[in-house]
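What follows is the content of final_10.txt (compact mmCIF, C-alpha atoms).
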# COMPACT_ATOMS: atom_id res chain seq x y z
CA MET A 205 0.00 0.00 0.00
CA PHE A 206 1.25 3.49 -0.82
CA CYS A 207 2.42 5.38 2.27
CA LYS A 208 1.89 9.09 2.65
CA VAL A 209 5.25 10.81 2.92
CA THR A 210 5.66 14.45 3.84
CA LEU A 211 8.74 16.56 3.43
CA PHE A 212 10.72 17.25 6.55
CA THR A 213 13.65 19.70 6.60
CA ILE A 214 16.53 20.05 8.97
CA SER A 215 18.29 23.36 9.65
CA LEU A 216 21.90 23.39 10.66
CA ALA A 217 23.89 25.96 12.64
CA LEU A 218 26.67 27.60 10.66
CA LEU A 219 30.05 28.72 11.91
CA ALA A 220 31.47 32.02 10.71
CA ALA A 221 34.94 31.78 9.22
CA ALA A 222 35.91 35.43 9.81
CA LYS A 223 38.51 36.51 12.40
CA PRO A 224 38.13 37.14 15.24
CA VAL A 225 36.05 33.98 15.66
CA GLU A 226 32.36 34.84 15.66
CA ARG A 227 29.57 32.31 15.66
CA ARG A 228 26.38 32.96 13.76
CA VAL A 229 23.35 30.78 13.19
CA GLN A 230 21.85 30.39 9.74
CA GLY A 231 19.65 27.66 8.38
CA ILE A 232 20.43 25.14 5.66
CA SER A 233 17.44 23.05 4.71
CA ILE A 234 17.48 19.53 3.31
CA PRO A 235 14.52 17.29 2.52
CA LEU A 236 13.69 14.69 5.14
CA ALA A 237 10.57 12.59 5.45
CA LYS A 238 8.00 11.54 8.03
CA ARG A 239 6.67 8.07 7.36
CA SER A 240 2.96 7.31 7.53
CA SER A 241 0.82 7.76 10.63
CA LEU A 242 -1.17 5.16 12.55
CA THR A 243 -4.16 5.95 10.32
CA ARG A 244 -4.59 4.02 7.09
CA GLU A 245 -5.48 5.79 3.84
CA ASP A 246 -9.08 4.56 4.20
CA GLY A 247 -9.31 6.38 7.55
CA THR A 248 -9.18 3.28 9.74
CA PHE A 249 -6.91 2.81 12.72
CA ASN A 250 -3.91 0.57 11.97
CA HIS A 251 -4.20 -1.58 15.07
CA GLY A 252 -1.32 -3.93 14.20
CA LYS A 253 1.10 -1.10 13.57
CA ALA A 254 0.14 0.57 16.84
CA ILE A 255 0.87 -2.65 18.74
CA ILE A 256 4.30 -2.93 17.06
CA GLN A 257 5.05 0.71 17.93
CA THR A 258 4.04 0.12 21.55
CA VAL A 259 6.32 -2.93 21.83
CA ARG A 260 9.25 -0.99 20.39
CA THR A 261 8.55 2.02 22.61
CA LYS A 262 8.31 -0.10 25.75
CA ASN A 263 11.54 -1.94 24.97
CA LYS A 264 13.37 1.25 24.05
CA HIS A 265 12.61 2.71 27.46
CA ARG A 266 13.34 -0.61 29.15
CA GLN A 267 16.82 -0.34 27.63
CA ASN A 268 17.05 3.32 28.68
CA LEU A 269 16.40 2.32 32.29
CA GLN A 270 19.07 -0.38 32.08
CA ASN A 271 21.50 2.21 30.70
CA LEU A 272 20.55 4.69 33.41
CA GLU A 273 21.00 2.08 36.14
CA ARG A 274 24.44 1.21 34.81
CA ASN A 275 25.53 4.84 34.30
CA LEU A 276 24.10 6.53 37.42
CA GLY A 277 22.60 3.76 39.57
CA PRO A 278 18.93 3.13 40.49
CA LYS A 279 18.90 6.28 42.62
CA ALA A 280 18.38 8.20 39.36
CA PHE A 281 15.08 6.41 38.65
CA ASN A 282 11.75 8.17 38.98
CA LYS A 283 9.71 6.99 41.96
CA GLY A 284 8.17 3.64 41.10
CA ALA A 285 10.27 3.15 37.96
CA GLU A 286 11.25 -0.43 37.20
CA ILE A 287 12.82 -2.40 34.40
CA LYS A 288 9.91 -4.33 32.92
CA PRO A 289 10.16 -7.75 31.26
CA LEU A 290 10.93 -7.63 27.56
CA ALA A 291 7.77 -6.89 25.59
CA VAL A 292 7.13 -9.15 22.62
CA ILE A 293 5.19 -8.71 19.42
CA PRO A 294 2.12 -11.00 19.47
CA GLU A 295 2.66 -14.20 17.55
CA SER A 296 0.01 -13.35 14.97
CA LEU A 297 1.75 -10.09 14.09
CA HIS A 298 5.22 -11.64 14.33
CA ARG A 299 4.25 -14.27 11.73
CA ARG A 300 3.05 -11.52 9.42
CA GLN A 301 6.32 -9.63 9.92
CA THR A 302 8.46 -12.60 8.96
CA GLU A 303 6.23 -13.43 5.98
CA SER A 304 4.67 -10.52 4.11
CA LEU A 305 3.83 -7.65 6.45
CA THR A 306 3.15 -4.64 4.24
CA ASP A 307 5.28 -1.54 4.45
CA ASP A 308 2.19 0.40 5.57
CA GLU A 309 2.00 -1.78 8.67
CA HIS A 310 5.75 -1.74 9.33
CA GLN A 311 6.22 2.02 9.50
CA SER A 312 6.12 3.59 12.93
CA GLY A 313 6.24 7.32 13.49
CA MET A 314 9.74 8.67 13.00
CA TRP A 315 11.40 11.80 11.71
CA PHE A 316 14.36 10.94 9.54
CA GLY A 317 16.97 12.29 7.15
CA PRO A 318 20.52 11.81 5.82
CA ILE A 319 23.84 11.92 7.67
CA ASP A 320 27.42 11.14 6.61
CA ILE A 321 29.99 9.18 8.62
CA GLY A 322 33.67 8.63 7.88
CA THR A 323 36.55 9.64 5.68
CA PRO A 324 35.57 9.55 2.87
CA LYS A 325 31.93 10.00 3.76
CA GLN A 326 29.47 7.11 3.88
CA ASN A 327 25.77 8.00 3.63
CA PHE A 328 22.92 6.89 5.89
CA MET A 329 19.26 7.67 6.54
CA ILE A 330 18.74 8.28 10.27
CA ASP A 331 15.80 8.66 12.66
CA PHE A 332 16.22 11.67 15.00
CA ASP A 333 14.93 10.66 18.45
CA THR A 334 14.67 12.77 21.64
CA GLY A 335 13.85 9.59 23.58
CA SER A 336 17.26 7.91 23.26
CA ALA A 337 20.92 8.92 23.42
CA ASP A 338 22.99 6.75 21.07
CA LEU A 339 23.96 6.76 17.41
CA TRP A 340 23.95 3.47 15.54
CA VAL A 341 23.90 2.48 11.89
CA THR A 342 23.92 -0.82 10.02
CA SER A 343 27.33 -2.23 9.03
CA THR A 344 28.70 -4.47 6.31
CA SER A 345 28.98 -7.19 8.97
CA CYS A 346 25.18 -7.45 8.98
CA THR A 347 24.57 -10.08 6.32
CA SER A 348 20.98 -11.06 7.13
CA SER A 349 18.10 -10.30 4.78
CA ILE A 350 16.94 -7.62 7.24
CA CYS A 351 19.99 -5.52 6.28
CA SER A 352 19.86 -6.27 2.56
CA GLU A 353 18.30 -2.94 1.59
CA LYS A 354 20.19 -0.83 4.13
CA ASN A 355 23.17 1.46 3.63
CA LYS A 356 26.04 -0.15 5.55
CA TYR A 357 29.05 1.31 7.30
CA LYS A 358 32.40 -0.23 6.34
CA SER A 359 35.03 0.62 8.93
CA SER A 360 37.95 -0.43 6.70
CA SER A 361 36.86 2.15 4.12
CA SER A 362 37.18 5.04 6.58
CA SER A 363 40.67 6.31 7.36
CA SER A 364 39.32 7.99 10.50
CA SER A 365 37.63 4.91 11.96
CA ALA A 366 38.83 3.56 15.32
CA LYS A 367 37.43 0.56 17.16
CA LYS A 368 36.81 0.79 20.92
CA PRO A 369 36.36 -1.98 23.48
CA GLY A 370 32.84 -3.06 24.43
CA GLN A 371 29.59 -4.03 22.75
CA PHE A 372 26.39 -2.17 21.95
CA SER A 373 23.10 -4.06 22.28
CA ILE A 374 19.37 -3.26 22.45
CA LEU A 375 16.65 -5.92 22.67
CA TYR A 376 13.43 -5.42 20.73
CA GLY A 377 10.27 -7.51 20.61
CA GLY A 378 10.07 -10.99 19.12
CA GLY A 379 13.47 -12.01 20.50
CA SER A 380 15.33 -9.77 18.05
CA THR A 381 18.28 -7.53 18.81
CA VAL A 382 20.20 -4.54 17.49
CA SER A 383 23.82 -5.08 18.43
CA GLY A 384 27.36 -4.48 17.29
CA PRO A 385 30.86 -3.28 18.20
CA ILE A 386 31.71 0.27 19.29
CA TYR A 387 33.70 2.69 17.14
CA THR A 388 34.67 6.31 16.91
CA ASP A 389 35.08 8.01 13.58
CA THR A 390 37.61 10.79 13.68
CA GLY A 391 39.44 13.33 11.62
CA GLU A 392 37.55 14.46 8.56
CA TYR A 393 33.93 14.68 9.70
CA LEU A 394 30.70 13.27 10.97
CA LEU A 395 28.04 15.68 9.82
CA ILE A 396 24.45 16.09 8.87
CA ARG A 397 24.69 16.76 5.16
CA ASP A 398 22.90 18.89 2.60
CA ASN A 399 21.51 16.36 0.13
CA SER A 400 20.93 19.00 -2.53
CA ARG A 401 24.57 19.87 -3.16
CA ASN A 402 27.98 18.27 -3.39
CA LEU A 403 29.73 19.09 -0.12
CA THR A 404 33.49 19.13 -0.01
CA THR A 405 35.71 19.06 3.05
CA SER A 406 36.29 22.80 2.90
CA THR A 407 32.53 23.39 2.62
CA VAL A 408 31.88 21.17 5.62
CA THR A 409 33.85 23.40 7.95
CA VAL A 410 31.52 26.28 7.06
CA ALA A 411 28.14 24.69 6.40
CA GLY A 412 28.17 21.41 8.30
CA VAL A 413 27.81 20.38 11.90
CA LYS A 414 31.27 18.87 12.27
CA VAL A 415 31.96 16.36 15.03
CA THR A 416 35.13 14.33 15.45
CA ASN A 417 35.74 11.30 17.66
CA GLN A 418 32.01 10.60 17.82
CA THR A 419 31.24 7.27 19.49
CA PHE A 420 28.68 5.12 17.67
CA SER A 421 27.93 1.50 16.85
CA PRO A 422 27.98 -0.03 13.36
CA VAL A 423 25.60 -2.87 14.18
CA ASN A 424 25.94 -6.38 12.81
CA THR A 425 22.52 -7.67 13.91
CA LEU A 426 19.28 -5.82 13.30
CA SER A 427 15.78 -6.35 14.67
CA ASP A 428 13.31 -7.62 12.08
CA SER A 429 11.02 -4.71 12.99
CA PHE A 430 13.44 -2.48 11.02
CA LYS A 431 13.36 -4.61 7.85
CA THR A 432 11.05 -2.48 5.71
CA GLN A 433 11.58 0.80 7.52
CA PRO A 434 13.37 3.50 5.53
CA ILE A 435 16.13 4.10 8.08
CA ASP A 436 19.67 2.76 8.50
CA GLY A 437 19.90 3.72 12.17
CA ILE A 438 18.99 6.12 14.96
CA LEU A 439 20.55 9.33 16.27
CA GLY A 440 19.54 9.96 19.88
CA LEU A 441 19.13 13.51 21.20
CA ALA A 442 18.59 12.81 24.92
CA PHE A 443 21.07 13.34 27.79
CA PRO A 444 24.28 11.27 28.15
CA ALA A 445 22.89 9.41 31.20
CA LEU A 446 20.73 7.31 28.85
CA SER A 447 23.63 6.26 26.62
CA ASN A 448 24.14 2.53 26.12
CA LEU A 449 27.58 3.46 24.76
CA ASN A 450 28.32 5.49 27.91
CA ALA A 451 29.41 8.33 25.64
CA ASP A 452 28.31 11.83 24.69
CA PRO A 453 25.44 11.84 22.17
CA PHE A 454 25.98 13.60 18.85
CA PHE A 455 24.51 16.98 19.80
CA THR A 456 26.40 17.10 23.12
CA SER A 457 29.61 16.46 21.18
CA ALA A 458 28.69 19.11 18.61
CA PHE A 459 28.33 21.83 21.24
CA LYS A 460 31.45 20.82 23.16
CA GLN A 461 33.47 20.98 19.94
CA GLY A 462 32.03 24.37 18.94
CA ALA A 463 30.17 23.01 15.93
CA VAL A 464 26.94 24.75 17.02
CA SER A 465 26.70 28.16 18.67
CA GLN A 466 23.75 27.55 21.00
CA ASN A 467 23.34 24.54 23.29
CA GLU A 468 19.81 23.78 22.17
CA PHE A 469 17.92 22.28 19.27
CA SER A 470 14.33 22.76 18.20
CA PHE A 471 11.60 21.12 16.16
CA LYS A 472 8.69 22.01 14.01
CA LEU A 473 6.92 18.68 13.40
CA ALA A 474 3.89 19.12 11.21
CA SER A 475 2.09 17.77 8.17
CA SER A 476 4.25 20.01 5.97
CA ASP A 477 7.35 22.25 6.15
CA SER A 478 8.70 20.46 9.21
CA SER A 479 12.21 21.21 10.46
CA LEU A 480 14.86 20.38 13.02
CA PHE A 481 17.19 23.23 13.95
CA LEU A 482 20.52 22.34 15.53
CA GLY A 483 22.15 25.10 17.57
CA GLY A 484 19.22 27.38 18.33
CA ARG A 485 15.70 28.06 17.14
CA ASN A 486 14.10 29.44 13.99
CA SER A 487 12.01 32.41 15.11
CA SER A 488 10.20 32.56 11.77
CA LEU A 489 8.46 29.28 12.61
CA PHE A 490 6.71 30.41 15.80
CA THR A 491 4.90 33.41 17.22
CA GLY A 492 5.20 35.04 20.62
CA SER A 493 7.67 34.09 23.33
CA PRO A 494 8.28 30.42 24.08
CA GLU A 495 7.12 29.21 27.48
CA PHE A 496 9.89 27.19 29.16
CA TYR A 497 9.55 24.41 31.74
CA ALA A 498 12.50 23.18 33.79
CA VAL A 499 13.68 19.63 33.29
CA SER A 500 12.41 18.01 36.48
CA SER A 501 14.82 15.16 37.09
CA ALA A 502 18.29 13.78 36.45
CA THR A 503 16.96 10.68 34.70
CA GLY A 504 18.59 11.53 31.37
CA TYR A 505 15.19 12.13 29.79
CA TRP A 506 13.72 15.33 28.47
CA GLN A 507 11.28 15.25 31.41
CA ILE A 508 9.13 18.11 32.71
CA GLY A 509 6.81 18.03 35.71
CA LYS A 510 3.72 19.63 37.25
CA ALA A 511 1.69 18.66 34.19
CA ALA A 512 -2.09 18.63 33.85
CA ALA A 513 -4.31 17.06 31.19
CA PHE A 514 -7.51 18.82 30.17
CA VAL A 515 -10.65 17.66 28.41
CA GLY A 516 -12.35 20.86 27.38
CA SER A 517 -11.81 23.36 30.19
CA LYS A 518 -11.71 20.69 32.90
CA SER A 519 -8.46 19.44 34.40
CA VAL A 520 -8.98 15.67 34.58
CA VAL A 521 -5.48 14.54 35.66
CA SER A 522 -2.91 16.79 37.34
CA ASN A 523 0.53 17.07 38.92
CA PHE A 524 2.24 14.37 36.88
CA GLU A 525 5.62 14.04 35.14
CA THR A 526 6.00 13.95 31.35
CA VAL A 527 8.80 12.56 29.16
CA ILE A 528 8.86 14.25 25.75
CA ASP A 529 9.78 11.67 23.09
CA SER A 530 9.79 12.49 19.37
CA GLY A 531 10.23 8.77 18.62
CA THR A 532 6.61 7.80 19.29
CA THR A 533 3.14 8.91 18.24
CA ILE A 534 0.88 7.50 20.95
CA ILE A 535 0.70 9.29 24.31
CA TYR A 536 1.13 6.76 27.13
CA GLY A 537 0.00 7.32 30.71
CA PRO A 538 -0.48 5.15 33.80
CA PRO A 539 -3.62 3.00 33.25
CA ASP A 540 -5.57 4.46 36.21
CA ALA A 541 -4.78 8.03 35.15
CA VAL A 542 -5.79 7.35 31.56
CA ARG A 543 -9.03 5.74 32.78
CA SER A 544 -9.76 9.00 34.63
CA PHE A 545 -8.90 10.94 31.48
CA TYR A 546 -11.40 9.06 29.32
CA SER A 547 -14.09 9.20 32.01
CA ALA A 548 -14.38 12.85 31.02
CA VAL A 549 -14.84 11.97 27.32
CA PRO A 550 -18.55 11.31 26.62
CA GLY A 551 -19.19 7.97 24.91
CA SER A 552 -15.62 6.69 25.32
CA LYS A 553 -14.96 3.04 26.08
CA LEU A 554 -12.08 0.59 26.28
CA PHE A 555 -11.14 -0.64 22.80
CA ASP A 556 -8.12 -2.89 23.51
CA SER A 557 -7.53 -3.78 27.16
CA ASN A 558 -4.10 -5.30 26.46
CA GLN A 559 -2.80 -2.13 24.83
CA GLY A 560 -4.80 0.34 26.93
CA LEU A 561 -6.44 1.87 23.85
CA TYR A 562 -9.79 3.66 24.04
CA SER A 563 -12.42 4.63 21.50
CA PHE A 564 -14.82 7.58 21.37
CA PRO A 565 -17.62 8.77 19.05
CA CYS A 566 -16.05 10.06 15.82
CA SER A 567 -18.70 12.78 15.64
CA SER A 568 -17.43 14.43 18.84
CA VAL A 569 -13.64 14.43 19.04
CA PRO A 570 -12.76 15.76 22.50
CA SER A 571 -10.86 19.01 22.97
CA VAL A 572 -7.63 17.82 24.64
CA SER A 573 -4.76 19.91 25.96
CA PHE A 574 -1.79 19.72 28.30
CA SER A 575 -0.38 22.38 30.61
CA TRP A 576 2.71 22.72 32.79
CA GLY A 577 1.50 25.57 34.97
CA GLY A 578 1.01 28.18 32.27
CA LYS A 579 -0.52 28.10 28.81
CA LYS A 580 -2.64 25.13 27.73
CA TRP A 581 -1.23 23.42 24.61
CA ALA A 582 -4.03 21.90 22.58
CA ILE A 583 -3.87 18.70 20.54
CA SER A 584 -5.78 19.10 17.29
CA ALA A 585 -8.66 16.77 16.47
CA ASP A 586 -6.63 15.32 13.58
CA ASN A 587 -3.73 14.47 15.89
CA PHE A 588 -5.91 13.03 18.66
CA ASN A 589 -8.04 10.90 16.33
CA LEU A 590 -6.03 7.85 15.15
CA GLY A 591 -8.80 6.58 12.87
CA THR A 592 -12.02 4.60 12.93
CA THR A 593 -12.11 1.22 14.65
CA SER A 594 -13.21 -0.40 11.35
CA VAL A 595 -14.37 0.62 7.89
CA GLY A 596 -17.61 2.57 8.19
CA SER A 597 -17.52 2.62 11.99
CA SER A 598 -18.79 5.64 13.93
CA THR A 599 -16.21 5.10 16.71
CA CYS A 600 -12.60 6.25 16.56
CA VAL A 601 -9.43 5.46 18.53
CA GLY A 602 -7.82 8.12 20.75
CA ALA A 603 -4.11 8.97 20.83
CA VAL A 604 -3.89 8.57 24.64
CA ALA A 605 -3.32 5.00 25.87
CA GLY A 606 -3.09 3.52 29.35
CA LYS A 607 0.19 1.61 29.48
CA ASP A 608 2.80 1.15 32.20
CA LEU A 609 6.17 1.55 30.46
CA GLY A 610 8.13 1.31 33.71
CA LEU A 611 9.07 5.02 33.69
CA GLY A 612 7.54 5.69 37.12
CA ASP A 613 4.31 5.80 39.10
CA ASN A 614 3.29 9.22 37.88
CA VAL A 615 5.07 9.52 34.52
CA TRP A 616 3.48 9.97 31.09
CA LEU A 617 5.23 9.67 27.72
CA LEU A 618 4.23 12.36 25.22
CA GLY A 619 5.11 11.92 21.56
CA ASP A 620 4.45 13.71 18.32
CA SER A 621 0.67 13.70 18.82
CA LEU A 622 1.54 16.67 21.05
CA LEU A 623 4.69 17.90 19.32
CA LYS A 624 2.95 18.37 15.95
CA ASN A 625 0.88 21.14 17.56
CA VAL A 626 3.73 23.29 18.90
CA TYR A 627 7.20 24.61 18.15
CA SER A 628 9.40 22.77 20.65
CA ILE A 629 12.80 23.84 21.99
CA PHE A 630 15.08 21.43 23.83
CA SER A 631 17.58 23.59 25.73
CA PHE A 632 20.61 22.08 27.44
CA LYS A 633 21.65 25.65 28.30
CA GLN A 634 18.50 26.32 30.32
CA ASN A 635 17.97 22.65 31.26
CA ALA A 636 14.43 23.14 30.05
CA ILE A 637 11.91 22.48 27.28
CA GLY A 638 10.09 25.36 25.64
CA PHE A 639 6.88 25.39 23.64
CA ALA A 640 5.59 28.15 21.38
CA ASN A 641 2.66 28.66 19.02
CA LEU A 642 3.38 27.67 15.44
CA ALA A 643 3.52 30.56 12.99
Turn this file's structure into structure tokens for me.
Amino acid sequence: MFCKVTLFTISLALLAAAKPVERRVQGISIPLAKRSSLTREDGTFNHGKAIIQTVRTKNKHRQNLQNLERNLGPKAFNKGAEIKPLAVIPESLHRRQTESLTDDEHQSGMWFGPIDIGTPKQNFMIDFDTGSADLWVTSTSCTSSICSEKNKYKSSSSSSSAKKPGQFSILYGGGSTVSGPIYTDTGEYLLIRDNSRNLTTSTVTVAGVKVTNQTFSPVNTLSDSFKTQPIDGILGLAFPALSNLNADPFFTSAFKQGAVSQNEFSFKLASSDSSLFLGGRNSSLFTGSPEFYAVSSATGYWQIGKAAAFVGSKSVVSNFETVIDSGTTIIYGPPDAVRSFYSAVPGSKLFDSNQGLYSFPCSSVPSVSFSWGGKKWAISADNFNLGTTSVGSSTCVGAVAGKDLGLGDNVWLLGDSLLKNVYSIFSFKQNAIGFANLA
């Protein structure tokens, strides 16, 4: 089935070459894409794809907690956080994956675009993810059919490649793993590239985000859930505490090395003209002053507290923590809290008890918003409604699900169902997240 693909652009911070050294920020845009949503072209909810996304999301954060425990100890966990058992894809869906699962059902929400690694450069398509902290790509050592259509990193072809001790490994559902050795690539560059022009080394130092000695993993085994996805790897944008590699993530390295002038990045994630800005914010994409909320913990997540969820003008759940994760679409909350949320939605009922999904009358999509003590940030009807429960049905599935991911007793996970409604700023400088109205 044909998948809707929208253009997504990334803006990069530029370094001025004049003396004395002066940093200035200017955008370079390249086309990136957002793969299809959880709604099929016929308007129905893609239940199977949502289950696969939930399994991957749960296992990603299971791995994050394992990384956090190893890096900082369990004292860094949110209250009530625990490392859950590995989630698995149901056998019925797993059989379809290994046989002929369509690309429409394989694609989970991700924002992706090209990067280059090595000397000379090797090209990859990467998912940019605020909910993880590592960079990995497929390697030539991955010989399974899962990697057959991927771009693959070849360490022997890069003069700046250096192997490090240790092993990178993440478990996904269905007993599959992403794993491989650990490398740095040094010297010439690791950059996010402009796909519309032929960049040379001299151009890179002006127009690229140049990072040397970046730790990453060229993986030799790849989860089958990535087989038909359009990416060759993931670039995490969270804090170093979540790193499986126990190393600085790409953006942290970029700021430390002076490759970006501001220690923040920002997103516009929308149905069109989306962008990621590294090293600041693009003021032409939002109106008014951003409202900032302090990162509320040292968990390594982009986590902000004192949140409240509203249905209409009524606050239905309050004083909870929220992890902001661009790598997921569904909003996950503790089951009891989500039950309270939907109790305020007329006509809502439990749709899938295993996945914590609820339905509501399609004719009356609720007005949903979140607040962190100031402005209420609304989720549009299109972003809250994930599609009808079946062809011709008058009931639709909501984007908020009751699921315990192990993140803590009072912690929600908010993905792009929220982020597509705001301009979002992730500021290491202020240790805060900012939201603003889209222009």
Task: Two-atom distance - CA of Leu617 (chain A), CA of Gln257 (chain A) (Å) - done: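 Result for CA of Leu617 (chain A) versus CA of Gln257 (chain A): 13.3 Å, one decimal.
The two atoms in question, CA of Ala366 (chain A) and CA of Asn417 (chain A), are spaced 8.7 Å apart.
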Task: Which residue of A:Gly504, A:Gly577, A:Gly560, A:Pro538 approaches Ile255 (chain A) most closely, using all atoms listed in the file - done: A:Gly560
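Each of A:Phe249, A:Phe524, A:Phe481, A:Phe574 was checked against Asp613 (chain A) using all atoms listed in the file; the smallest atom-to-atom distance is that of A:Phe524.
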Open item on the list: Need to verify the contact set: Ser598 (chain A), 8 Å, all atoms listed in the file, exclusion of same-chain residues closer than 6 positions in sequence. Can you return it as number ranges by chain?
Closed with: A: 565-567, 592
Task: Among the residues A:Pro385, A:Pro294, A:Gly247, A:Gly531, the one that comes closest to Asp331 (chain A) [using all atoms listed in the file] - done: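 Ranked by minimum distance to Asp331 (chain A), first place goes to A:Gly531.
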Open item on the list: Would you compute the distance between CA of Phe639 (chain A) and CA of Glu495 (chain A)? Give it in Å to one decimal.
Closed with: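 For CA of Phe639 (chain A) relative to CA of Glu495 (chain A), the distance reads 5.4 Å.
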Task: Spatial neighbours of Ser365 (chain A), max dist 9 Å, all atoms listed in the file, sep filter under 3 positions, as a list in words - done: Gly322, Thr323, Ser359, Ser360, Ser361, Ser362, Tyr387, Thr388, Asp389, Thr390, Gly391 and Asn417 of chain A
Could the residues in this selection be saved with C-alpha atoms as a PDB file, in the coordinates of the input?
ATOM      1  CA  GLY A 322      33.670   8.630   7.880  1.00  0.00           C
ATOM      2  CA  THR A 323      36.550   9.640   5.680  1.00  0.00           C
ATOM      3  CA  SER A 359      35.030   0.620   8.930  1.00  0.00           C
ATOM      4  CA  SER A 360      37.950  -0.430   6.700  1.00  0.00           C
ATOM      5  CA  SER A 361      36.860   2.150   4.120  1.00  0.00           C
ATOM      6  CA  SER A 362      37.180   5.040   6.580  1.00  0.00           C
ATOM      7  CA  TYR A 387      33.700   2.690  17.140  1.00  0.00           C
ATOM      8  CA  THR A 388      34.670   6.310  16.910  1.00  0.00           C
ATOM      9  CA  ASP A 389      35.080   8.010  13.580  1.00  0.00           C
ATOM     10  CA  THR A 390      37.610  10.790  13.680  1.00  0.00           C
ATOM     11  CA  GLY A 391      39.440  13.330  11.620  1.00  0.00           C
ATOM     12  CA  ASN A 417      35.740  11.300  17.660  1.00  0.00           C
TER      13      ASN A 417
END
TODO: Can you pull out every residue within 6 Å of region 626-628 of chain A, counting only C-alpha atoms, but drop anything in the same chain fewer than 5 positions away, and send it as a list in words?
DONE: Ser470, Phe471, Lys472, Gly638, Phe639, Ala640, Asn641 and Leu642 of chain A
Open item on the list: Residues near Pro289 (chain A), anyone? I mean within 10 Å using all atoms listed in the file, not counting same-chain ones fewer than 6 positions away, as number ranges by chain.
Closed with: A: 262-263, 266, 610
Could you give me, as a Markdown table, every region 434-545 of chain A residue with an atom at most 12 Å from region 317-321 of chain A, plus its closest atom pair and distance in Å to one decimal, counting only C-alpha atoms, rows ordered by chain then number?
| residue | atom | partner | partner_atom | distance |
| --- | --- | --- | --- | --- |
| A:Pro434 | CA | A:Gly317 | CA | 9.6 |
| A:Ile435 | CA | A:Gly317 | CA | 8.3 |
| A:Asp436 | CA | A:Pro318 | CA | 9.5 |
| A:Gly437 | CA | A:Ile319 | CA | 10.1 |
| A:Ile438 | CA | A:Gly317 | CA | 10.2 |
| A:Leu439 | CA | A:Ile319 | CA | 9.6 |
| A:Phe454 | CA | A:Ile319 | CA | 11.5 |
| A:Ser478 | CA | A:Gly317 | CA | 11.8 |
| A:Ser479 | CA | A:Gly317 | CA | 10.6 |
| A:Leu480 | CA | A:Gly317 | CA | 10.2 |
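Nearest to Ala445 (chain A) of all the residues A:Gly335, A:Pro550, A:Gly537, A:Pro324 is A:Gly335, counting all atoms listed in the file.
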- [ ] For a cut-off of 10 Å around (-13.3, 1.2, 15.2), file coordinates, pick out all residues using only C-alpha atoms and list them as JSON, numbers by chain.
- [x] {"A": [248, 249, 250, 251, 555, 562, 563, 564, 565, 566, 590, 591, 592, 593, 594, 595, 596, 597, 598, 599, 600, 601]}
Based on the selection just made, write C-alpha atoms of those residues as an mmCIF file, keeping the file's coordinate frame.
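Result file out00.cif:
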data_model
loop_
_atom_site.group_PDB
_atom_site.id
_atom_site.type_symbol
_atom_site.label_atom_id
_atom_site.label_comp_id
_atom_site.auth_asym_id
_atom_site.auth_seq_id
_atom_site.Cartn_x
_atom_site.Cartn_y
_atom_site.Cartn_z
ATOM 1 C CA THR A 248 -9.180 3.280 9.740
ATOM 2 C CA PHE A 249 -6.910 2.810 12.720
ATOM 3 C CA ASN A 250 -3.910 0.570 11.970
ATOM 4 C CA HIS A 251 -4.200 -1.580 15.070
ATOM 5 C CA PHE A 555 -11.140 -0.640 22.800
ATOM 6 C CA TYR A 562 -9.790 3.660 24.040
ATOM 7 C CA SER A 563 -12.420 4.630 21.500
ATOM 8 C CA PHE A 564 -14.820 7.580 21.370
ATOM 9 C CA PRO A 565 -17.620 8.770 19.050
ATOM 10 C CA CYS A 566 -16.050 10.060 15.820
ATOM 11 C CA LEU A 590 -6.030 7.850 15.150
ATOM 12 C CA GLY A 591 -8.800 6.580 12.870
ATOM 13 C CA THR A 592 -12.020 4.600 12.930
ATOM 14 C CA THR A 593 -12.110 1.220 14.650
ATOM 15 C CA SER A 594 -13.210 -0.400 11.350
ATOM 16 C CA VAL A 595 -14.370 0.620 7.890
ATOM 17 C CA GLY A 596 -17.610 2.570 8.190
ATOM 18 C CA SER A 597 -17.520 2.620 11.990
ATOM 19 C CA SER A 598 -18.790 5.640 13.930
ATOM 20 C CA THR A 599 -16.210 5.100 16.710
ATOM 21 C CA CYS A 600 -12.600 6.250 16.560
ATOM 22 C CA VAL A 601 -9.430 5.460 18.530
#
- [ ] Have a look at A:Asn467, A:Thr419, A:Thr243, A:Ser296 and name the one nearest to Asn589 (chain A); count only C-alpha atoms.
- [x] A:Thr243
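Residues with any atom within 10 Å of Ser631 (chain A), counting all atoms listed in the file and excluding same-chain neighbours fewer than 5 positions away, are A:Gln466, A:Asn467, A:Glu468, A:Phe469, A:Ser470, A:Gly483, A:Gly484, A:Arg485, A:Phe496, A:Ala498, A:Val499, A:Trp506, A:Ala636, A:Ile637, A:Gly638.
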Could you take the residues named above and write them with C-alpha atoms, as a CSV table (one decimal), in the coordinates of the input?
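Result written to again-v2.csv:
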chain,number,residue,atom,x,y,z
A,466,GLN,CA,23.8,27.6,21.0
A,467,ASN,CA,23.3,24.5,23.3
A,468,GLU,CA,19.8,23.8,22.2
A,469,PHE,CA,17.9,22.3,19.3
A,470,SER,CA,14.3,22.8,18.2
A,483,GLY,CA,22.2,25.1,17.6
A,484,GLY,CA,19.2,27.4,18.3
A,485,ARG,CA,15.7,28.1,17.1
A,496,PHE,CA,9.9,27.2,29.2
A,498,ALA,CA,12.5,23.2,33.8
A,499,VAL,CA,13.7,19.6,33.3
A,506,TRP,CA,13.7,15.3,28.5
A,636,ALA,CA,14.4,23.1,30.0
A,637,ILE,CA,11.9,22.5,27.3
A,638,GLY,CA,10.1,25.4,25.6
